[in-house]
Structure formats: C-alpha cells, structure tokens
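The structure file my_file-v4.pdb is reproduced below (PDB, C-alpha atoms).
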ATOM      1  CA  MET W   1       9.025  -5.970   8.272
ATOM      2  CA  ILE W   2       5.460  -5.732   9.598
ATOM      3  CA  ILE W   3       5.082  -1.950   9.282
ATOM      4  CA  GLU W   4       6.513  -0.958   5.917
ATOM      5  CA  GLU W   5       6.194   2.802   6.221
ATOM      6  CA  TYR W   6       5.149   5.600   8.538
ATOM      7  CA  SER W   7       4.831   9.287   7.791
ATOM      8  CA  PHE W   8       2.711  12.010   9.354
ATOM      9  CA  GLY W   9      -0.899  10.824   9.140
ATOM     10  CA  LYS W  10      -0.173   7.538   7.303
ATOM     11  CA  ILE W  11       1.040   4.072   8.128
ATOM     12  CA  ARG W  12       1.398   1.059   5.822
ATOM     13  CA  VAL W  13       1.005  -2.341   7.473
ATOM     14  CA  HIS W  14       1.126  -5.615   5.526
ATOM     15  CA  GLY W  15       0.776  -3.677   2.264
ATOM     16  CA  LYS W  16      -2.295  -1.630   3.233
ATOM     17  CA  THR W  17      -2.181   2.089   4.032
ATOM     18  CA  TYR W  18      -4.158   3.471   6.976
ATOM     19  CA  THR W  19      -4.870   7.118   7.763
ATOM     20  CA  ASN W  20      -6.450   6.553  11.178
ATOM     21  CA  ASP W  21      -4.709   5.506  14.369
ATOM     22  CA  VAL W  22      -4.234   1.738  14.470
ATOM     23  CA  ILE W  23      -3.501  -1.140  16.811
ATOM     24  CA  VAL W  24      -1.430  -3.964  15.363
ATOM     25  CA  THR W  25       0.084  -7.327  16.187
ATOM     26  CA  PRO W  26       2.733  -9.004  14.039
ATOM     27  CA  GLU W  27      -0.036 -10.954  12.299
ATOM     28  CA  LYS W  28      -2.643  -8.256  11.593
ATOM     29  CA  VAL W  29      -4.178  -4.871  12.207
ATOM     30  CA  VAL W  30      -6.587  -5.524  15.069
ATOM     31  CA  CYS W  31      -8.135  -2.038  15.116
ATOM     32  CA  GLU W  32      -8.239   0.138  11.987
ATOM     33  CA  LYS W  33      -9.714   3.219  13.695
ATOM     34  CA  TRP W  34      -8.397   3.454  17.223
ATOM     35  CA  TRP W  35     -10.335   6.158  19.068
ATOM     36  CA  ARG W  36      -9.565   7.293  22.582
ATOM     37  CA  LYS W  37     -11.715   8.919  25.254
ATOM     38  CA  GLU W  38      -9.509  12.000  24.876
ATOM     39  CA  GLY W  39      -7.551  12.331  21.655
ATOM     40  CA  HIS W  40      -4.110  12.981  23.118
ATOM     41  CA  LYS W  41      -4.328  10.810  26.205
ATOM     42  CA  VAL W  42      -4.408   7.022  26.486
ATOM     43  CA  PHE W  43      -6.578   5.774  29.339
ATOM     44  CA  LEU W  44      -6.908   2.150  30.377
ATOM     45  CA  GLU W  45     -10.398   1.929  28.876
ATOM     46  CA  ASP W  46      -8.905   2.922  25.491
ATOM     47  CA  ILE W  47      -6.622  -0.111  25.321
ATOM     48  CA  LYS W  48      -7.821  -2.684  27.871
ATOM     49  CA  GLN W  49     -10.001  -4.776  25.540
ATOM     50  CA  PHE W  50      -7.005  -5.319  23.235
ATOM     51  CA  LEU W  51      -4.741  -6.210  26.146
ATOM     52  CA  LEU W  52      -7.218  -8.772  27.398
ATOM     53  CA  GLU W  53      -7.944 -10.222  23.961
ATOM     54  CA  TYR W  54      -4.337 -10.511  22.732
ATOM     55  CA  SER W  55      -2.423 -10.946  26.042
ATOM     56  CA  PRO W  56       0.791  -9.341  24.799
ATOM     57  CA  ARG W  57       4.075  -9.583  26.659
ATOM     58  CA  ILE W  58       5.152  -6.241  25.160
ATOM     59  CA  VAL W  59       3.120  -3.122  24.332
ATOM     60  CA  ILE W  60       4.487  -0.238  22.295
ATOM     61  CA  PHE W  61       2.646   3.080  22.106
ATOM     62  CA  GLY W  62       3.368   5.418  19.214
ATOM     63  CA  THR W  63       2.704   8.812  20.766
ATOM     64  CA  GLY W  64       2.430  10.749  17.514
ATOM     65  CA  TYR W  65       4.800  12.407  15.083
ATOM     66  CA  HIS W  66       5.824  14.951  17.727
ATOM     67  CA  GLY W  67       5.156  12.685  20.711
ATOM     68  CA  LEU W  68       2.190  14.664  22.042
ATOM     69  CA  VAL W  69       0.033  11.720  23.179
ATOM     70  CA  LYS W  70       0.416  10.957  26.882
ATOM     71  CA  VAL W  71      -0.104   7.449  28.220
ATOM     72  CA  GLN W  72      -1.820   7.821  31.593
ATOM     73  CA  GLU W  73      -0.387   6.396  34.805
ATOM     74  CA  GLU W  74      -3.328   3.972  35.171
ATOM     75  CA  VAL W  75      -2.208   2.286  31.937
ATOM     76  CA  TYR W  76       1.385   1.937  33.115
ATOM     77  CA  SER W  77       0.202   0.592  36.489
ATOM     78  CA  PHE W  78      -2.058  -2.016  34.856
ATOM     79  CA  LEU W  79       0.679  -3.142  32.467
ATOM     80  CA  GLU W  80       3.287  -3.313  35.220
ATOM     81  CA  GLU W  81       0.907  -5.333  37.409
ATOM     82  CA  LYS W  82       0.479  -7.810  34.545
ATOM     83  CA  GLY W  83       4.234  -7.971  33.926
ATOM     84  CA  ILE W  84       3.912  -6.450  30.450
ATOM     85  CA  GLU W  85       6.954  -4.610  29.103
ATOM     86  CA  THR W  86       5.892  -1.152  27.925
ATOM     87  CA  TYR W  87       7.324   1.550  25.681
ATOM     88  CA  ALA W  88       5.876   4.950  24.721
ATOM     89  CA  LEU W  89       7.817   6.749  21.996
ATOM     90  CA  PRO W  90       7.194   9.160  19.131
ATOM     91  CA  THR W  91       5.533   7.076  16.437
ATOM     92  CA  ARG W  92       8.491   6.878  14.023
ATOM     93  CA  ASP W  93      10.662   5.470  16.843
ATOM     94  CA  ALA W  94       7.847   3.226  18.078
ATOM     95  CA  VAL W  95       7.420   1.766  14.575
ATOM     96  CA  ARG W  96      11.149   1.008  14.354
ATOM     97  CA  LEU W  97      11.118  -0.665  17.772
ATOM     98  CA  PHE W  98       7.941  -2.625  16.989
ATOM     99  CA  ASN W  99       9.457  -4.000  13.772
ATOM    100  CA  GLU W 100      12.707  -4.879  15.518
ATOM    101  CA  ILE W 101      11.029  -6.716  18.397
ATOM    102  CA  ALA W 102       8.374  -8.373  16.208
ATOM    103  CA  THR W 103      11.089 -10.294  14.342
ATOM    104  CA  ARG W 104      11.762 -12.313  17.497
ATOM    105  CA  GLU W 105       8.662 -11.856  19.693
ATOM    106  CA  LYS W 106       5.152 -12.496  18.392
ATOM    107  CA  SER W 107       3.405 -11.544  21.630
ATOM    108  CA  ILE W 108       3.576  -7.811  20.964
ATOM    109  CA  LEU W 109       0.907  -5.159  20.512
ATOM    110  CA  GLY W 110       1.498  -1.759  18.909
ATOM    111  CA  ALA W 111      -0.898   1.163  19.348
ATOM    112  CA  PHE W 112       0.036   4.003  17.016
ATOM    113  CA  HIS W 113      -1.157   7.622  16.867
ATOM    114  CA  LEU W 114      -0.350   8.899  13.395
ATOM    115  CA  THR W 115      -0.496  12.690  13.716
ATOM    116  CA  CYS W 116       0.550  15.311  16.299
TER
END
Encoded form (structure tokens):
Amino acid sequence: MIIEEYSFGKIRVHGKTYTNDVIVTPEKVVCEKWWRKEGHKVFLEDIKQFLLEYSPRIVIFGTGYHGLVKVQEEVYSFLEEKGIETYALPTRDAVRLFNEIATREKSILGAFHLTC
C-alpha cells in the first residue's frame, strides 16, 4: 500500500504524515504542499507541470473529505486529449482507488486535497 492512511487533514504516504495537500506517484511524494490558483478549483496551471514531468497514464484527483474541490473542464480536456484516464472522487475514495491501481500500474499520479 502506497498511501497507508487518510483522515480529514492528514495523509500518510510511505510512512510519513503530511498535513498539506500532496501530489504522489507510487514511488514518492512529488509535491508536499500542493497549492492551487483557487483553493477549491483545479485549473490546468495547477497540475500541468506534474503531468508533463511524470507523464502518467492515469490521474486521480482527491477532491476533499466532502468532495468540494472541482476539477475544471480545461483539465479534463487536456487529459482527454493526451489519452490520460482521469478520476475525481472524494479523497477517501480516491486514496482507495489510487492504492488499488498502483499495485498494477506505476504510471499513475494522485493529487489529493485533504480537507473540505
């Protein structure tokens, strides 16, 4: 299991606990303090550098404990154009899906909002 635990405001990845939003791959946390242009919206500029650097085949967005973060259409369009499979789910469900997929697919990126 890559992500060992998630609860409101906290996530433990590879044995280390984080209290800020994170972006992870199966191998490591690639961003320990993921900030967005607008806190509860994900714009392409908020994620693009990670998409280009890690070239994932799958991206999973954790939209918060209550699912309040909204991934903007420009993000979905970009990912679809690149042929990248995309999921946006409340963070507890996104963590479960990330762990499940990461056991068989290493080309995956998870971007998790920990609160709201």
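Atom pair CA of Ala102 (chain W) / CA of Pro26 (chain W): separated by 6.1 Å.
The shell of residues at most 12 Å from Arg96 (chain W), with all atoms listed in the file counted and near chain neighbours (fewer than 2 positions) removed, consists of Met1, Ile2, Ile3, Glu4, Glu5, Tyr6, Ile60, Phe61, Gly62, Tyr87, Leu89, Pro90, Thr91, Arg92, Asp93, Ala94, Phe98, Asn99, Glu100, Ile101, Ala102, Thr103, Gly110 and Phe112 of chain W.
When CA of His40 (chain W) is paired with CA of Thr17 (chain W), their separation reads 22.1 Å.
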Report task. List the residues selected by the PyMOL selection byres ((chain W and resi 56) around 10) in the file shown, writing them as a ChimeraX atom specification. Result -> /W:25,50-55,57-59,79,82-85,105-110
Report summary line: One residue among W:Val22, W:Val29, W:Val75, W:Val13 is nearest to His113 (chain W) when using only C-alpha atoms, and that residue is W:Val22
**Report entry** Counting all atoms listed in the file, the option among W:Val24, W:Leu68, W:Glu81, W:Thr19 closest to Ile47 (chain W)
**Finding:** W:Val24
Report task. Name every residue that the PyMOL selection byres ((chain W and resi 34) around 10) selects in this structure, writing the answer as an NGL selection string with chains first and numbers rising. Result -> :W and (20-23 or 30-33 or 35-36 or 39 or 46-47 or 111-113)
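Closest approach to Phe78 (chain W) among W:Lys48, W:Arg104, W:Lys41, W:His66 is made by W:Lys48 (distances from only C-alpha atoms).
Taking CA of Val95 (chain W) and CA of Phe8 (chain W) as the two end points, the separation is 12.4 Å.
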Some atoms are absent from region 57-77 of chain W, so rebuild N, CA, C and O atoms and return them as a CSV table (one decimal), in the frame of the given file.
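The result, stored in part34.csv:
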chain,number,residue,atom,x,y,z
W,57,ARG,N,3.0,-9.7,25.7
W,57,ARG,CA,4.1,-9.6,26.7
W,57,ARG,C,4.7,-8.2,26.6
W,57,ARG,O,5.4,-7.8,27.5
W,58,ILE,N,4.6,-7.6,25.4
W,58,ILE,CA,5.2,-6.2,25.2
W,58,ILE,C,4.1,-5.4,24.5
W,58,ILE,O,3.4,-5.8,23.6
W,59,VAL,N,4.0,-4.1,25.0
W,59,VAL,CA,3.1,-3.1,24.3
W,59,VAL,C,4.0,-1.9,24.0
W,59,VAL,O,4.7,-1.4,24.8
W,60,ILE,N,3.8,-1.4,22.8
W,60,ILE,CA,4.5,-0.2,22.3
W,60,ILE,C,3.4,0.8,21.9
W,60,ILE,O,2.6,0.5,21.0
W,61,PHE,N,3.5,2.0,22.5
W,61,PHE,CA,2.6,3.1,22.1
W,61,PHE,C,3.4,4.0,21.2
W,61,PHE,O,4.5,4.5,21.6
W,62,GLY,N,2.8,4.4,20.1
W,62,GLY,CA,3.4,5.4,19.2
W,62,GLY,C,2.6,6.7,19.6
W,62,GLY,O,1.4,6.8,19.4
W,63,THR,N,3.3,7.6,20.2
W,63,THR,CA,2.7,8.8,20.8
W,63,THR,C,2.5,10.0,19.8
W,63,THR,O,2.3,11.1,20.2
W,64,GLY,N,2.6,9.7,18.5
W,64,GLY,CA,2.4,10.7,17.5
W,64,GLY,C,3.7,11.2,16.9
W,64,GLY,O,4.8,10.9,17.4
W,65,TYR,N,3.6,11.9,15.8
W,65,TYR,CA,4.8,12.4,15.1
W,65,TYR,C,5.7,13.2,16.0
W,65,TYR,O,6.9,13.1,15.9
W,66,HIS,N,5.1,14.1,16.8
W,66,HIS,CA,5.8,15.0,17.7
W,66,HIS,C,5.8,14.4,19.2
W,66,HIS,O,6.2,15.1,20.1
W,67,GLY,N,5.2,13.3,19.4
W,67,GLY,CA,5.2,12.7,20.7
W,67,GLY,C,4.2,13.4,21.7
W,67,GLY,O,4.4,13.4,22.9
W,68,LEU,N,3.1,13.9,21.2
W,68,LEU,CA,2.2,14.7,22.0
W,68,LEU,C,1.2,13.8,22.8
W,68,LEU,O,0.6,14.3,23.8
W,69,VAL,N,1.0,12.6,22.5
W,69,VAL,CA,0.0,11.7,23.2
W,69,VAL,C,0.7,11.3,24.5
W,69,VAL,O,1.8,10.8,24.5
W,70,LYS,N,-0.1,11.3,25.6
W,70,LYS,CA,0.4,11.0,26.9
W,70,LYS,C,-0.3,9.7,27.4
W,70,LYS,O,-1.5,9.7,27.5
W,71,VAL,N,0.4,8.7,27.6
W,71,VAL,CA,-0.1,7.4,28.2
W,71,VAL,C,-0.3,7.7,29.7
W,71,VAL,O,0.7,8.1,30.4
W,72,GLN,N,-1.5,7.5,30.2
W,72,GLN,CA,-1.8,7.8,31.6
W,72,GLN,C,-1.2,6.8,32.6
W,72,GLN,O,-1.1,5.6,32.2
W,73,GLU,N,-1.0,7.2,33.8
W,73,GLU,CA,-0.4,6.4,34.8
W,73,GLU,C,-1.2,5.1,35.0
W,73,GLU,O,-0.6,4.1,35.3
W,74,GLU,N,-2.5,5.2,35.0
W,74,GLU,CA,-3.3,4.0,35.2
W,74,GLU,C,-3.0,2.9,34.2
W,74,GLU,O,-3.1,1.7,34.5
W,75,VAL,N,-2.6,3.3,33.0
W,75,VAL,CA,-2.2,2.3,31.9
W,75,VAL,C,-0.9,1.6,32.3
W,75,VAL,O,-0.8,0.4,32.3
W,76,TYR,N,0.1,2.5,32.7
W,76,TYR,CA,1.4,1.9,33.1
W,76,TYR,C,1.2,1.0,34.3
W,76,TYR,O,1.9,0.0,34.4
W,77,SER,N,0.4,1.4,35.3
W,77,SER,CA,0.2,0.6,36.5
W,77,SER,C,-0.4,-0.8,36.1
W,77,SER,O,0.1,-1.8,36.6
